[in-house]
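The structure appears right after this line, and notes come after that.
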Amino acid sequence: MKGGRGTRLGEDFGPAALVILVFLPSVLGRAAPWLLGEFRALMLGFGVSFAMGALALNLLMGYAGQISLGHAAFVGVGAYSAGIASTKLGLPFPAGQVAGAVVGGLVALLVGVPALRVRGLYLAVATVAFAAAMQVMVFRIPAISGGQAGLPIPPPSLLGFSLAKPYDYLSLLLGALVGLWLLDRNLTRSKVGRALFAIREAEDLAASFGIDVTRYKLLAFLLAGIFAGLAGSLYGPLLGLAQADAFGFEVSLFYLILVVVGGMGHRGGVLAASVLFAVLPRVLQVLKGWDLLAGSVLLIYTIARNPGGLAGAFIEARRRRKKGRPPKDGHGPLPRLVLPRVRPGEWREPGGEAALLEVSDLHYSYGGVKAVAGMDLEVWQGQIVGVIGPNGAGKTTLLNCVSGLLVPERGKISFRGVEITRVPAHLRAELGIRRTFQVPGVLGNLSVLENFLVAQHLAAGYSTLEALARTSRVRSVEAELKERAMFALAALGLADRAEDPVRSLSGGQQRLVELGCVLVSAPTLILLDEPSAGMSPAASEELAERLVELKRELGRTLLVVEHHIPLVVAVCDKVFVMAEGRLLAGGAPREVLKNPAVVDAYLGGTLARAGG
Ligand code: ATP
């Protein structure tokens with residue numbers, strides 16, 4: 001199944017893009033003053049420039065989930081940098097704009113560094129502080145920015161042609177908006193956009209898919225800064241001036257209104273809000289002076305009553321119009337997990353060679369709580385190894401240390417004989433270690449298909465630049481990933497739910513999506529955290545069969561944390577029993593379960609609860 005035209009994730013503009021990119025903006029730009037008059041054409045230009053800035057903020061907040069309340073400052077950096085490049089350094093028009101975009105990107109990258117440590121409110125405060133510093137200091141230094149009066153920016157010219165007339169410049173602005181839209185669109189249809197969405201939804205889960213969270217967060221700031229810088233660099237020549245007041249807190253609030261009211265993460269919604277608040281009021285000369293007030297009221301309403309914004313309401317209405325398909329609940333038997341055979345493993349008895357996974361003397365504490373206190377464990381290739389123990393024994397903490405979500409205080413973890421104790425989670429995913437979570441690790445707001453595409457992040461070997469340009473290599477890699485995802489979805493019986501958001505699936509189906517996402521990445525070692533939680537006995541039996549199938553037919557190695565003893569006995573080659581953070585016993589399941597210490601510490605409690 002190739003990603004042909006008409007499909008949501010695979011379509012491309014092709015030659016139509018060129019027509020839109022080259023002709024439509026210039027036709028509209030030339031027609032606007034004739035239709036609207038010169039003044040309104042100028043106002044349209046301001047609106048278009050705001051729309052470009054809003055797309056930049058949408059990338060940062062809507063896609064990557066990084067809150068910025070000082071966005072106008074990034075636009076200002078672009079405006080001043082381009083102004084200085086053209087007036088003080090004498091660079092020609094497009095070079096000045098490139099300088100504005102580059103400086104905007106670099107400054108945003110610097111502001112993004114705190115985002116690696118802080119989130120939410122703290123990040124918002126950091127961006128407000130940055131914007132305030134720019135507004136009261138940098139944008140008012142006479143030597144740099146012309147002080148209070150601002151920096152005059154002469155009318156631009158391109159290849160000897162003057163762009164002083166609003167309609168000429170408007171054509172250029174509209175072209176830039178279309179260009180930015182296409183870049184943004186390409187981004188969201190690539191692994192880069194999906195990585196940003198995943199980070200917005202759940203950073204730990206993103207890392208477990210092999211996404212380098214640090215790198216992609218910084219990339220989001222860099223790209224948003226470049227987009228905002230470009231918007232600012234084109235705004236200056238329109239106004240004939242770069243002035244601090246044009247990039248103050250009120251303007252940042254205005255950008256926030258465009259993104260939140262339009263619908264965070266929805267390019268179309270943000271553009272619609274830009275037309276409603278930034279373009280039409282200016283062009284029609286309505287809401288004069290009241291647009292910010294009206295927008296603020298709508299912002300509060302959106303946050304309180306309609307968090308999805310205009311786009312969210314539109315999507316919801318469209319979904320309701322489609323025939324109702326209530327999610328089936330409960331957990332029926334699992335379909336067969338027939339998946340591509342990749343790197344078939346071989347059974348190896350413990351011998352001279354190193355174990356696939358070795359954990360020795362592992363320690364981890366949450367403050368004063370010693371969750372893991374000197375745990376040892378070995379997993380050999382081709383085995384299914386179970387970890388059991390009473391609640392609070394430290395099993396999940398152990399799994400988190402092995403998958404890289406937690407860094408142990410002491411001890412050693414080796415994979416294929418190489419120490420990985422401090423290797424970050426995304427690199428462990430690259431080594432072939434994948435995991436599931438106690439609460440299904442799925443990206444609820446993304447579609448089922450998108451989850452399967454995010455899970456294959458590491459298989460998409462193209463660069464960010466290639467993604468932005470959507471080269472033929474990107475298109476063919478994406479088509480391959482989609483094909484593999486659809487194959488897995490069909491095997492799991494979820495092909496007809498491919499476009500539905502995962503949160504609309506039942507709990508059992510979400511578990512299936514989670515497991516499918518792990519398997520589609522062809523891992524060597526699979527870590528399962530209570531895979532049978534909430535399943536009916538019939539579904540648990542099915543699960544047991546599928547796990548054995550994974551080992552025998554696909555050669556996978558599994559480390560399973562589980563409370564359901566019959567499942568453990570049915571599938572595990574070896575069982576480790578944990579109590580109070582350390583190893584109580586280990587060996588063949590039936591032997592271990594007869595161990596008096598195990599019966600006493602764990603099974604006694606379980607049997608007692610079950611009425612003996
Ligand atoms: P269960 O079978 O109930 O899932 P578990 O064996 O997986 O339990 P862990 O979840 O690893 O055990 O917890 C081990 C200990 O660490 C428990 O005492 C738990 O209360 C504590 N703990 C776990 N997570 C945290 C946390 N984020 N902050 C503080 N303490 C925690």
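In the structure tokens, chains take the letters A, B, ... in the order shown, each chain's residues start at 1, and ligands count up from 1 in the order shown.
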
At most 9 Å from ligand 1 (only C-alpha atoms and all ligand atoms): residue list as a ChimeraX atom specification: /A:364-372,388-400,438,529-530,561-563,578-581

May I have a table of the residues of range 300-324 of chain A lying at most 10 Å from range 266-275 of chain A, giving each one's closest pair of atoms and their distance in Å to one decimal, counting only C-alpha atoms, ordered by chain and ascending residue number, as JSON lines?
{"residue": "A:Gly308", "atom": "CA", "partner": "A:His266", "partner_atom": "CA", "distance": 9.0}
{"residue": "A:Gly309", "atom": "CA", "partner": "A:Gly269", "partner_atom": "CA", "distance": 7.6}
{"residue": "A:Leu310", "atom": "CA", "partner": "A:Gly269", "partner_atom": "CA", "distance": 5.8}
{"residue": "A:Ala311", "atom": "CA", "partner": "A:Gly269", "partner_atom": "CA", "distance": 4.6}
{"residue": "A:Gly312", "atom": "CA", "partner": "A:His266", "partner_atom": "CA", "distance": 8.2}
{"residue": "A:Ala313", "atom": "CA", "partner": "A:Gly269", "partner_atom": "CA", "distance": 9.8}
{"residue": "A:Phe314", "atom": "CA", "partner": "A:Gly269", "partner_atom": "CA", "distance": 8.9}

Restricting the output to C-alpha atoms, write the selected residues as a PDB file, in the first residue's frame.
ATOM      1  CA  GLY A 308      -9.349  22.257  21.048  1.00  0.00           C
ATOM      2  CA  GLY A 309     -10.112  25.735  19.656  1.00  0.00           C
ATOM      3  CA  LEU A 310     -11.730  26.340  16.274  1.00  0.00           C
ATOM      4  CA  ALA A 311      -9.966  23.366  14.703  1.00  0.00           C
ATOM      5  CA  GLY A 312     -10.928  21.071  17.579  1.00  0.00           C
ATOM      6  CA  ALA A 313     -14.612  22.032  17.268  1.00  0.00           C
ATOM      7  CA  PHE A 314     -14.470  21.489  13.504  1.00  0.00           C
TER       8      PHE A 314
END

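Within the 7 Å cut-off around range 238-241 of chain A, using only C-alpha atoms and omitting residues fewer than 2 positions from it on the same chain, the listed residues are A:Gly150, A:Leu151, A:Pro152, A:Ile153, A:Pro154, A:Pro155, A:Leu234, A:Tyr235, A:Gly236, A:Gln243.
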
Can you write out the residues you just picked, keeping all heavy atoms, as a PDB file, in the first residue's frame?
ATOM      1  N   GLY A 150      13.200  53.775  17.419  1.00  0.00           N
ATOM      2  CA  GLY A 150      13.199  52.602  16.541  1.00  0.00           C
ATOM      3  C   GLY A 150      14.243  52.699  15.435  1.00  0.00           C
ATOM      4  O   GLY A 150      14.931  53.720  15.289  1.00  0.00           O
ATOM      5  N   LEU A 151      14.317  51.624  14.687  1.00  0.00           N
ATOM      6  CA  LEU A 151      15.316  51.522  13.614  1.00  0.00           C
ATOM      7  C   LEU A 151      14.609  51.679  12.268  1.00  0.00           C
ATOM      8  O   LEU A 151      13.803  50.820  11.890  1.00  0.00           O
ATOM      9  CB  LEU A 151      15.974  50.136  13.699  1.00  0.00           C
ATOM     10  CG  LEU A 151      17.149  49.861  12.767  1.00  0.00           C
ATOM     11  CD1 LEU A 151      18.388  50.634  13.220  1.00  0.00           C
ATOM     12  CD2 LEU A 151      17.453  48.359  12.774  1.00  0.00           C
ATOM     13  N   PRO A 152      14.881  52.793  11.538  1.00  0.00           N
ATOM     14  CA  PRO A 152      14.199  52.948  10.247  1.00  0.00           C
ATOM     15  C   PRO A 152      14.678  51.883   9.260  1.00  0.00           C
ATOM     16  O   PRO A 152      15.864  51.586   9.185  1.00  0.00           O
ATOM     17  CB  PRO A 152      14.630  54.346   9.776  1.00  0.00           C
ATOM     18  CG  PRO A 152      15.380  54.948  10.899  1.00  0.00           C
ATOM     19  CD  PRO A 152      15.823  53.863  11.822  1.00  0.00           C
ATOM     20  N   ILE A 153      13.744  51.316   8.530  1.00  0.00           N
ATOM     21  CA  ILE A 153      14.099  50.279   7.551  1.00  0.00           C
ATOM     22  C   ILE A 153      13.624  50.749   6.175  1.00  0.00           C
ATOM     23  O   ILE A 153      12.430  50.991   5.977  1.00  0.00           O
ATOM     24  CB  ILE A 153      13.462  48.930   7.919  1.00  0.00           C
ATOM     25  CG1 ILE A 153      14.020  48.477   9.276  1.00  0.00           C
ATOM     26  CG2 ILE A 153      13.732  47.879   6.863  1.00  0.00           C
ATOM     27  CD1 ILE A 153      13.405  47.242   9.848  1.00  0.00           C
ATOM     28  N   PRO A 154      14.559  50.899   5.243  1.00  0.00           N
ATOM     29  CA  PRO A 154      14.176  51.435   3.925  1.00  0.00           C
ATOM     30  C   PRO A 154      13.337  50.428   3.139  1.00  0.00           C
ATOM     31  O   PRO A 154      13.401  49.227   3.407  1.00  0.00           O
ATOM     32  CB  PRO A 154      15.524  51.655   3.244  1.00  0.00           C
ATOM     33  CG  PRO A 154      16.461  50.723   3.924  1.00  0.00           C
ATOM     34  CD  PRO A 154      15.965  50.537   5.319  1.00  0.00           C
ATOM     35  N   PRO A 155      12.575  50.907   2.147  1.00  0.00           N
ATOM     36  CA  PRO A 155      11.790  49.977   1.321  1.00  0.00           C
ATOM     37  C   PRO A 155      12.733  49.003   0.623  1.00  0.00           C
ATOM     38  O   PRO A 155      13.795  49.407   0.141  1.00  0.00           O
ATOM     39  CB  PRO A 155      11.100  50.881   0.296  1.00  0.00           C
ATOM     40  CG  PRO A 155      11.315  52.267   0.753  1.00  0.00           C
ATOM     41  CD  PRO A 155      12.438  52.297   1.718  1.00  0.00           C
ATOM     42  N   LEU A 234      10.291  40.225   7.713  1.00  0.00           N
ATOM     43  CA  LEU A 234       9.421  40.723   6.643  1.00  0.00           C
ATOM     44  C   LEU A 234       8.458  41.799   7.161  1.00  0.00           C
ATOM     45  O   LEU A 234       7.875  42.556   6.381  1.00  0.00           O
ATOM     46  CB  LEU A 234       8.623  39.558   6.036  1.00  0.00           C
ATOM     47  CG  LEU A 234       9.477  38.547   5.259  1.00  0.00           C
ATOM     48  CD1 LEU A 234       8.675  37.301   4.921  1.00  0.00           C
ATOM     49  CD2 LEU A 234      10.042  39.176   3.984  1.00  0.00           C
ATOM     50  N   TYR A 235       8.302  41.835   8.481  1.00  0.00           N
ATOM     51  CA  TYR A 235       7.396  42.812   9.095  1.00  0.00           C
ATOM     52  C   TYR A 235       8.020  44.215   9.063  1.00  0.00           C
ATOM     53  O   TYR A 235       7.343  45.216   8.806  1.00  0.00           O
ATOM     54  CB  TYR A 235       7.121  42.376  10.532  1.00  0.00           C
ATOM     55  CG  TYR A 235       6.178  43.255  11.307  1.00  0.00           C
ATOM     56  CD1 TYR A 235       4.803  43.099  11.195  1.00  0.00           C
ATOM     57  CD2 TYR A 235       6.663  44.234  12.188  1.00  0.00           C
ATOM     58  CE1 TYR A 235       3.928  43.883  11.923  1.00  0.00           C
ATOM     59  CE2 TYR A 235       5.793  45.022  12.922  1.00  0.00           C
ATOM     60  CZ  TYR A 235       4.431  44.852  12.784  1.00  0.00           C
ATOM     61  OH  TYR A 235       3.578  45.629  13.506  1.00  0.00           O
ATOM     62  N   GLY A 236       9.353  44.267   9.330  1.00  0.00           N
ATOM     63  CA  GLY A 236      10.047  45.560   9.394  1.00  0.00           C
ATOM     64  C   GLY A 236       9.864  46.411   8.155  1.00  0.00           C
ATOM     65  O   GLY A 236       9.400  47.554   8.235  1.00  0.00           O
ATOM     66  N   GLN A 243      10.431  48.766  15.824  1.00  0.00           N
ATOM     67  CA  GLN A 243      10.262  49.533  17.054  1.00  0.00           C
ATOM     68  C   GLN A 243       9.849  48.604  18.186  1.00  0.00           C
ATOM     69  O   GLN A 243       9.012  47.710  17.982  1.00  0.00           O
ATOM     70  CB  GLN A 243       9.189  50.598  16.831  1.00  0.00           C
ATOM     71  CG  GLN A 243       9.328  51.761  17.778  1.00  0.00           C
ATOM     72  CD  GLN A 243       8.178  52.737  17.637  1.00  0.00           C
ATOM     73  OE1 GLN A 243       7.114  52.371  17.146  1.00  0.00           O
ATOM     74  NE2 GLN A 243       8.402  53.964  18.054  1.00  0.00           N
TER      75      GLN A 243
END

Shell around Arg470 in chain A at 9 Å using only C-alpha atoms, local window under 5 positions removed, as a ChimeraX atom specification: /A:12,183,186-187,189-190,465,475

Given only C-alpha atoms as the counted atoms, nearest of A:Arg318, A:Lys191, A:Arg422, A:Lys594 to Leu453 in chain A: A:Lys191

Exercise: Thr421 in chain A partners within 12 Å, only C-alpha atoms, chain neighbours under 5 positions left out, as a PyMOL selection string: chain A and resi 357-363+398+400-415+427-428

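Coordinates place CA of Val387 in chain A at a distance of 28.1 Å from CA of Ala488 in chain A.
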
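Shell of Phe249 in chain A at 7 Å, with only C-alpha atoms counted and residues fewer than 3 places along the chain excluded, is Gly70, Ser252 and Leu253 of chain A.
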
Only all heavy atoms, please: the residues just picked out, written as a PDB file, in the first residue's frame.
ATOM      1  N   GLY A  70       6.380  34.706  25.374  1.00  0.00           N
ATOM      2  CA  GLY A  70       7.135  35.891  24.937  1.00  0.00           C
ATOM      3  C   GLY A  70       7.453  35.805  23.456  1.00  0.00           C
ATOM      4  O   GLY A  70       8.515  36.248  23.007  1.00  0.00           O
ATOM      5  N   SER A 252       2.685  39.528  22.163  1.00  0.00           N
ATOM      6  CA  SER A 252       2.860  38.097  22.496  1.00  0.00           C
ATOM      7  C   SER A 252       1.516  37.484  22.846  1.00  0.00           C
ATOM      8  O   SER A 252       1.207  36.343  22.454  1.00  0.00           O
ATOM      9  CB  SER A 252       3.809  37.922  23.682  1.00  0.00           C
ATOM     10  OG  SER A 252       5.119  38.221  23.298  1.00  0.00           O
ATOM     11  N   LEU A 253       0.694  38.244  23.582  1.00  0.00           N
ATOM     12  CA  LEU A 253      -0.643  37.755  23.954  1.00  0.00           C
ATOM     13  C   LEU A 253      -1.486  37.544  22.702  1.00  0.00           C
ATOM     14  O   LEU A 253      -2.243  36.572  22.585  1.00  0.00           O
ATOM     15  CB  LEU A 253      -1.313  38.769  24.889  1.00  0.00           C
ATOM     16  CG  LEU A 253      -2.740  38.434  25.326  1.00  0.00           C
ATOM     17  CD1 LEU A 253      -2.754  37.156  26.156  1.00  0.00           C
ATOM     18  CD2 LEU A 253      -3.353  39.577  26.130  1.00  0.00           C
TER      19      LEU A 253
END

Contact residues around Val297 in chain A with only C-alpha atoms at 12 Å, ignoring same-chain residues under 4 positions, as a PyMOL selection string: chain A and resi 253-254+257+260-261+290-293+301-305

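With only C-alpha atoms as the atoms that count, the minimum distance from Leu177 in chain A to the choices A:Met137, A:Val48, A:Leu280, A:Ala538 is reached by A:Val48.
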
d(CA of Gly265 in chain A, CA of Glu466 in chain A) in Å: 21.6 Å

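Here CA of Leu57 in chain A and CA of Ala244 in chain A stand 19.3 Å from one another.
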
DSSP alpha helix (DSSP H) selection over range 82-268 of chain A, as JSON, numbers by chain: {"A": [82, 83, 84, 85, 86, 87, 93, 94, 95, 96, 97, 98, 99, 100, 101, 102, 103, 104, 105, 106, 107, 108, 109, 110, 111, 112, 120, 121, 122, 123, 124, 125, 126, 127, 128, 129, 130, 131, 132, 133, 134, 135, 136, 142, 143, 144, 145, 166, 167, 168, 169, 170, 171, 172, 173, 174, 175, 176, 177, 178, 179, 180, 181, 182, 183, 184, 185, 186, 187, 188, 191, 192, 193, 194, 195, 196, 197, 198, 199, 200, 201, 203, 204, 205, 206, 207, 208, 213, 214, 215, 216, 217, 218, 219, 220, 221, 222, 223, 224, 225, 226, 227, 228, 229, 230, 231, 232, 233, 234, 235, 236, 237, 238, 239, 249, 250, 251, 252, 253, 254, 255, 256, 257, 258, 259, 260, 261, 262, 267, 268]}

Test item, strand (DSSP E) assignment across range 144-300 of chain A, answer as a PyMOL selection string: chain A and resi 151-152+157-158+161-162+241-242

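Among the candidates A:Ser506, A:Ser49, A:Thr188, A:Asn445, the residue lying nearest to Ala278 in chain A is A:Ser49 (atoms considered: only C-alpha atoms).
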